[in-house]
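Okay, data_16.txt now, which holds compact mmCIF, C-alpha atoms:
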```txt
# COMPACT_ATOMS: atom_id res chain seq x y z
CA MET I 1 -8.50 -41.26 -5.30
CA ARG I 2 -6.92 -38.56 -7.46
CA ASN I 3 -7.00 -38.85 -11.21
CA ILE I 4 -4.64 -37.50 -13.86
CA GLU I 5 -6.79 -34.42 -14.48
CA GLN I 6 -6.68 -33.43 -10.80
CA ASP I 7 -2.90 -33.95 -10.70
CA ALA I 8 -2.45 -31.81 -13.83
CA THR I 9 -4.65 -29.05 -12.38
CA ALA I 10 -2.73 -29.10 -9.08
CA GLY I 11 0.58 -28.92 -10.98
CA LEU I 12 -0.65 -26.00 -13.08
CA GLU I 13 -1.80 -24.16 -9.95
CA ARG I 14 1.60 -24.72 -8.36
CA TRP I 15 3.41 -23.30 -11.41
CA ARG I 16 1.06 -20.30 -11.54
CA SER I 17 1.79 -19.63 -7.89
CA VAL I 18 5.54 -19.87 -8.49
CA GLY I 19 5.24 -17.52 -11.46
CA LEU I 20 3.25 -15.02 -9.44
CA LEU I 21 5.78 -15.22 -6.62
CA LEU I 22 8.59 -14.49 -9.09
CA VAL I 23 6.73 -11.48 -10.49
CA LEU I 24 6.12 -10.10 -7.00
CA ALA I 25 9.75 -10.76 -6.03
CA GLY I 26 10.90 -8.82 -9.09
CA TRP I 27 8.53 -5.98 -8.31
CA THR I 28 9.71 -5.93 -4.70
CA TRP I 29 13.30 -5.78 -5.91
CA ARG I 30 12.38 -2.80 -8.12
CA PHE I 31 10.83 -0.96 -5.16
CA ALA I 32 13.77 -1.85 -2.88
CA ARG I 33 16.35 -0.50 -5.33
CA MET I 34 14.73 2.93 -5.55
CA PRO I 35 15.16 5.50 -2.80
CA MET I 36 11.95 6.67 -1.19
CA GLY I 37 10.47 9.48 -3.22
CA PRO I 38 7.98 10.46 -5.90
CA SER I 39 9.07 7.49 -8.04
CA ASP I 40 7.25 5.24 -5.53
CA VAL I 41 3.95 6.66 -6.75
CA ASP I 42 4.86 6.04 -10.40
CA SER I 43 3.92 2.38 -9.95
CA ILE I 44 1.00 1.06 -11.96
CA LEU I 45 -0.57 0.21 -8.57
CA HIS I 46 -0.63 3.84 -7.41
CA LEU I 47 -3.91 4.71 -9.10
CA PRO I 48 -5.85 1.68 -7.81
CA ASP I 49 -4.35 2.37 -4.36
CA LEU I 50 -5.49 5.97 -4.69
CA VAL I 51 -9.10 4.85 -5.26
CA PHE I 52 -9.12 3.11 -1.87
CA HIS I 53 -7.36 6.11 -0.31
CA GLU I 54 -9.98 8.57 -1.51
CA ALA I 55 -12.84 6.20 -0.61
CA GLY I 56 -11.42 6.01 2.90
CA HIS I 57 -11.96 9.75 3.38
CA VAL I 58 -15.65 9.24 2.60
CA LEU I 59 -15.97 6.13 4.78
CA PHE I 60 -14.54 7.89 7.83
CA MET I 61 -16.52 11.15 7.46
CA LEU I 62 -18.85 10.19 10.29
CA PHE I 63 -16.00 10.09 12.80
CA GLY I 64 -14.81 13.70 12.76
CA HIS I 65 -12.29 15.69 10.77
CA PHE I 66 -9.11 14.00 12.06
CA LEU I 67 -10.34 10.48 11.25
CA THR I 68 -11.74 11.66 7.91
CA VAL I 69 -8.25 12.81 6.94
CA LEU I 70 -6.50 9.75 8.41
CA GLY I 71 -9.14 7.45 6.92
CA GLY I 72 -7.69 7.79 3.42
CA SER I 73 -4.32 6.31 4.31
CA LEU I 74 -5.85 3.93 6.82
CA THR I 75 -8.27 2.45 4.26
CA GLN I 76 -5.52 2.23 1.65
CA VAL I 77 -3.63 -0.17 3.94
CA LEU I 78 -6.61 -1.85 5.61
CA VAL I 79 -8.33 -3.03 2.40
CA PRO I 80 -5.49 -5.44 1.55
CA VAL I 81 -5.25 -6.51 5.22
CA VAL I 82 -8.98 -7.37 5.23
CA CYS I 83 -8.40 -9.36 2.04
CA VAL I 84 -5.54 -11.24 3.76
CA VAL I 85 -7.84 -12.23 6.61
CA ALA I 86 -10.62 -13.27 4.20
CA PHE I 87 -8.26 -15.46 2.15
CA ILE I 88 -6.71 -17.04 5.24
CA ARG I 89 -10.20 -17.96 6.47
CA GLN I 90 -10.78 -19.66 3.10
CA ASP I 91 -7.41 -21.44 3.33
CA GLN I 92 -6.13 -19.67 0.21
CA ARG I 93 -2.56 -19.01 1.28
CA VAL I 94 -1.22 -17.78 -2.06
CA SER I 95 -4.01 -15.21 -2.39
CA ALA I 96 -3.46 -14.15 1.22
CA GLY I 97 0.25 -13.75 0.50
CA VAL I 98 -0.43 -11.60 -2.55
CA CYS I 99 -2.72 -9.36 -0.51
CA ALA I 100 -0.13 -9.11 2.27
CA TRP I 101 2.38 -8.04 -0.37
CA TRP I 102 -0.17 -5.46 -1.56
CA ALA I 103 -0.51 -4.09 1.99
CA GLY I 104 3.27 -3.62 2.11
CA GLN I 105 3.21 -1.95 -1.30
CA ASN I 106 0.59 0.46 0.02
CA LEU I 107 2.92 1.44 2.87
CA VAL I 108 5.66 2.08 0.30
CA ASP I 109 3.15 4.10 -1.73
CA LEU I 110 2.22 6.23 1.31
CA ALA I 111 5.80 6.81 2.49
CA PRO I 112 6.67 9.77 0.21
CA TYR I 113 3.33 11.39 1.11
CA ILE I 114 4.10 11.09 4.82
CA ALA I 115 7.70 12.30 4.40
CA ASP I 116 6.48 15.35 2.44
CA ALA I 117 4.42 16.75 5.33
CA ARG I 118 6.73 19.72 5.99
CA ALA I 119 8.04 20.33 2.47
CA LEU I 120 4.64 20.00 0.75
CA ASN I 121 6.37 19.47 -2.62
CA LEU I 122 4.53 16.32 -3.70
CA VAL I 123 2.07 16.85 -6.56
CA LEU I 124 -1.40 15.90 -5.33
CA LEU I 125 -4.45 14.52 -7.10
CA GLY I 126 -5.56 17.96 -8.32
CA GLY I 127 -2.21 18.58 -10.04
CA GLN I 128 -0.90 21.05 -7.47
CA THR I 129 1.55 20.62 -4.63
CA GLY I 130 0.54 20.74 -0.99
CA ALA I 131 2.25 24.15 -0.76
CA GLU I 132 0.03 25.51 -3.54
CA VAL I 133 -3.14 24.41 -1.77
CA GLU I 134 -3.91 24.13 1.93
CA GLY I 135 -1.36 21.41 2.72
CA HIS I 136 -2.21 17.73 2.56
CA ASP I 137 -3.39 14.84 4.74
CA TRP I 138 -0.11 14.01 6.41
CA GLU I 139 0.78 17.64 7.09
CA PHE I 140 -2.54 17.91 8.96
CA ILE I 141 -2.23 14.53 10.72
CA LEU I 142 1.32 15.06 11.95
CA THR I 143 0.60 18.66 12.97
CA GLN I 144 -2.38 17.49 15.02
CA LEU I 145 -0.22 14.84 16.68
CA GLY I 146 2.62 17.29 17.35
CA ALA I 147 4.90 15.14 15.23
CA LEU I 148 5.38 17.21 12.07
CA HIS I 149 9.12 17.31 12.71
CA LEU I 150 9.16 13.49 12.39
CA ASP I 151 7.68 13.40 8.87
CA ARG I 152 10.84 12.06 7.18
CA THR I 153 11.44 9.50 9.93
CA ILE I 154 7.86 8.22 9.85
CA GLY I 155 7.93 8.17 6.04
CA LEU I 156 11.15 6.13 6.04
CA CYS I 157 9.64 3.72 8.60
CA ALA I 158 6.60 3.27 6.33
CA HIS I 159 8.88 2.76 3.32
CA TYR I 160 11.15 0.17 4.94
CA GLY I 161 8.29 -1.46 6.85
CA GLY I 162 6.39 -1.82 3.59
CA LEU I 163 9.43 -3.34 1.87
CA LEU I 164 9.83 -5.79 4.74
CA VAL I 165 6.17 -6.86 4.45
CA MET I 166 6.59 -7.23 0.68
CA MET I 167 9.68 -9.41 1.15
CA LEU I 168 8.00 -11.62 3.73
```
For this file, write the structure as structure tokens.
Amino acid sequence: MRNIEQDATAGLERWRSVGLLLVLAGWTWRFARMPMGPSDVDSILHLPDLVFHEAGHVLFMLFGHFLTVLGGSLTQVLVPVVCVVAFIRQDQRVSAGVCAWWAGQNLVDLAPYIADARALNLVLLGGQTGAEVEGHDWEFILTQLGALHLDRTIGLCAHYGGLLVMML
């Protein structure tokens, strides 16, 4: 039998979840209104996302150069996906939903990087553009795959795919 305290706690949790959903909806709207570009990486989430990206390069070092380079972007998206699975297994749907939103946001975060593979104009972690150094991850990845000419198309797919995940 439920008591008043349990009912109050459940009600508070519900309102917190609704509030969080509204915040994420507003943030999604902000991302959706902006065209894909460097402004995507101006989000407060870019730096935490970047930590997972850089860690991914280290995690994938054992699997050769191509996977070391791809591992940054892969880990950036996979960390939230692993969190989704963990929360679903614990029957924590709201937390799983937040992490799914985060996975979509990571795709939006990666999109300008992917789309910049030919132009190499995006300022990288060291403060220089890809053109000023030896290129960047996605220039290497798409060149290796023979798909460098598709950089803008793949970037736009990541951008809109990420927005779709965030909206869902």
Requested in this report: Determine the nearest neighbour of I:Ile44 from the options I:Val133, I:Gln105, I:Val84, I:Phe140, counting all atoms listed in the file.
Outcome: I:Gln105
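Between I:Ala115 and the candidates I:Leu156, I:Val85, I:Ala32, I:Ala96, the tightest atom-to-atom separation, counting all atoms listed in the file, involves I:Leu156.
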Report task. For I:Gly130, list every protein, DNA or RNA residue within 12 Å, evaluated using all atoms listed in the file, and leave out those in the same chain fewer than 3 positions away; present the list as a PyMOL selection string. Result -> chain I and resi 113-114+116-127+133-140
Set up a box along x, y and z of the file covering all listed atoms of stretch 126-140 of chain I, add 3 Å on every one of the six sides, and write the centre and edge lengths in Å to one decimal, as JSON.
```
{"center_x": -1.7, "center_y": 19.8, "center_z": -0.5, "size_x": 13.8, "size_y": 17.5, "size_z": 25.0}
```
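Relative to atom CA of I:Leu20, atom CA of I:Met167 is found at 13.6 Å.
Closest to I:Ala111 among I:Tyr160, I:Phe52, I:Trp29, I:Phe60 is I:Tyr160, based on only C-alpha atoms.
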Query raised in the report: In Å to one decimal, how far is atom CA of I:Trp101 from atom CA of I:Val165?
Result: 6.2 Å
Query - Point-to-point distance from atom CA of I:Leu168 to atom CA of I:Glu13, Å rounded to tenths - result: 21.0 Å
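Minimum atom-to-atom distance to I:Gly72, evaluated using all atoms listed in the file, belongs to I:Ile141 out of I:Ala25, I:Ile141, I:Ala86, I:Leu150.
Residue nearest I:Arg33 within the list I:Leu50, I:Met61, I:Leu163, I:Leu107: I:Leu163 [criterion: smallest interatomic distance, all atoms listed in the file].
Nearest to I:Leu24 of all the residues I:Asp109, I:Val98, I:Val81, I:Pro48 is I:Val98, counting all atoms listed in the file.
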Within 9 Å of I:Ser95, counting all atoms listed in the file, which residues qualify if same-chain residues fewer than 6 places away don't, as a short mmCIF file (atom, residue, chain, number, x, y, z; two decimals) with C-alpha atoms, in the frame of the given file?
```cif
data_model
loop_
_atom_site.label_atom_id
_atom_site.label_comp_id
_atom_site.auth_asym_id
_atom_site.auth_seq_id
_atom_site.Cartn_x
_atom_site.Cartn_y
_atom_site.Cartn_z
CA CYS I 83 -8.40 -9.36 2.04
CA VAL I 84 -5.54 -11.24 3.76
CA PHE I 87 -8.26 -15.46 2.15
CA ILE I 88 -6.71 -17.04 5.24
#
```
Could you write stretch 125-156 of chain I as a CSV table (one decimal), in the frame of the given file, with N, CA and C atoms rebuilt where they are missing?
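Full text of part_16.csv as output:
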```csv
chain,number,residue,atom,x,y,z
I,125,LEU,N,-3.5,15.0,-6.1
I,125,LEU,CA,-4.4,14.5,-7.1
I,125,LEU,C,-4.9,15.6,-8.0
I,126,GLY,N,-5.1,16.8,-7.5
I,126,GLY,CA,-5.6,18.0,-8.3
I,126,GLY,C,-4.5,18.6,-9.2
I,127,GLY,N,-3.3,18.1,-9.2
I,127,GLY,CA,-2.2,18.6,-10.0
I,127,GLY,C,-1.4,19.7,-9.4
I,128,GLN,N,-1.7,20.0,-8.2
I,128,GLN,CA,-0.9,21.0,-7.5
I,128,GLN,C,-0.2,20.4,-6.3
I,129,THR,N,0.8,21.1,-5.8
I,129,THR,CA,1.6,20.6,-4.6
I,129,THR,C,0.8,21.0,-3.4
I,130,GLY,N,1.1,20.4,-2.3
I,130,GLY,CA,0.5,20.7,-1.0
I,130,GLY,C,0.8,22.2,-0.6
I,131,ALA,N,1.9,22.7,-1.1
I,131,ALA,CA,2.2,24.2,-0.8
I,131,ALA,C,1.4,25.1,-1.5
I,132,GLU,N,0.9,24.7,-2.7
I,132,GLU,CA,0.0,25.5,-3.5
I,132,GLU,C,-1.4,25.5,-3.1
I,133,VAL,N,-1.8,24.5,-2.3
I,133,VAL,CA,-3.1,24.4,-1.8
I,133,VAL,C,-3.0,24.6,-0.2
I,134,GLU,N,-3.9,24.0,0.5
I,134,GLU,CA,-3.9,24.1,1.9
I,134,GLU,C,-3.2,23.0,2.7
I,135,GLY,N,-2.1,22.5,2.1
I,135,GLY,CA,-1.4,21.4,2.7
I,135,GLY,C,-1.9,20.1,2.2
I,136,HIS,N,-1.6,19.0,2.9
I,136,HIS,CA,-2.2,17.7,2.6
I,136,HIS,C,-2.4,16.9,3.8
I,137,ASP,N,-3.0,15.7,3.6
I,137,ASP,CA,-3.4,14.8,4.7
I,137,ASP,C,-2.3,14.7,5.8
I,138,TRP,N,-1.1,14.3,5.4
I,138,TRP,CA,-0.1,14.0,6.4
I,138,TRP,C,0.5,15.3,7.1
I,139,GLU,N,0.4,16.4,6.4
I,139,GLU,CA,0.8,17.6,7.1
I,139,GLU,C,-0.2,17.9,8.2
I,140,PHE,N,-1.5,17.7,7.9
I,140,PHE,CA,-2.5,17.9,9.0
I,140,PHE,C,-2.4,16.9,10.1
I,141,ILE,N,-2.3,15.6,9.7
I,141,ILE,CA,-2.2,14.5,10.7
I,141,ILE,C,-1.1,14.7,11.7
I,142,LEU,N,0.1,14.9,11.1
I,142,LEU,CA,1.3,15.1,12.0
I,142,LEU,C,1.3,16.4,12.7
I,143,THR,N,0.7,17.4,12.2
I,143,THR,CA,0.6,18.7,13.0
I,143,THR,C,-0.3,18.4,14.2
I,144,GLN,N,-1.4,17.8,13.9
I,144,GLN,CA,-2.4,17.5,15.0
I,144,GLN,C,-1.8,16.6,16.1
I,145,LEU,N,-0.9,15.7,15.7
I,145,LEU,CA,-0.2,14.8,16.7
I,145,LEU,C,1.0,15.4,17.3
I,146,GLY,N,1.4,16.7,16.9
I,146,GLY,CA,2.6,17.3,17.4
I,146,GLY,C,3.9,16.6,16.9
I,147,ALA,N,3.8,16.0,15.7
I,147,ALA,CA,4.9,15.1,15.2
I,147,ALA,C,5.3,15.6,13.8
I,148,LEU,N,5.0,16.8,13.4
I,148,LEU,CA,5.4,17.2,12.1
I,148,LEU,C,6.9,17.1,11.8
I,149,HIS,N,7.7,17.4,12.8
I,149,HIS,CA,9.1,17.3,12.7
I,149,HIS,C,9.6,15.9,12.5
I,150,LEU,N,8.8,14.9,12.6
I,150,LEU,CA,9.2,13.5,12.4
I,150,LEU,C,8.7,13.0,11.0
I,151,ASP,N,8.3,13.8,10.1
I,151,ASP,CA,7.7,13.4,8.9
I,151,ASP,C,8.6,12.5,8.1
I,152,ARG,N,9.9,12.9,7.9
I,152,ARG,CA,10.8,12.1,7.2
I,152,ARG,C,11.1,10.7,7.9
I,153,THR,N,11.2,10.7,9.2
I,153,THR,CA,11.4,9.5,9.9
I,153,THR,C,10.3,8.5,9.8
I,154,ILE,N,9.1,9.1,10.0
I,154,ILE,CA,7.9,8.2,9.8
I,154,ILE,C,7.7,7.7,8.4
I,155,GLY,N,8.0,8.6,7.4
I,155,GLY,CA,7.9,8.2,6.0
I,155,GLY,C,8.9,7.1,5.7
I,156,LEU,N,10.1,7.2,6.3
I,156,LEU,CA,11.2,6.1,6.0
I,156,LEU,C,10.7,4.8,6.7
```
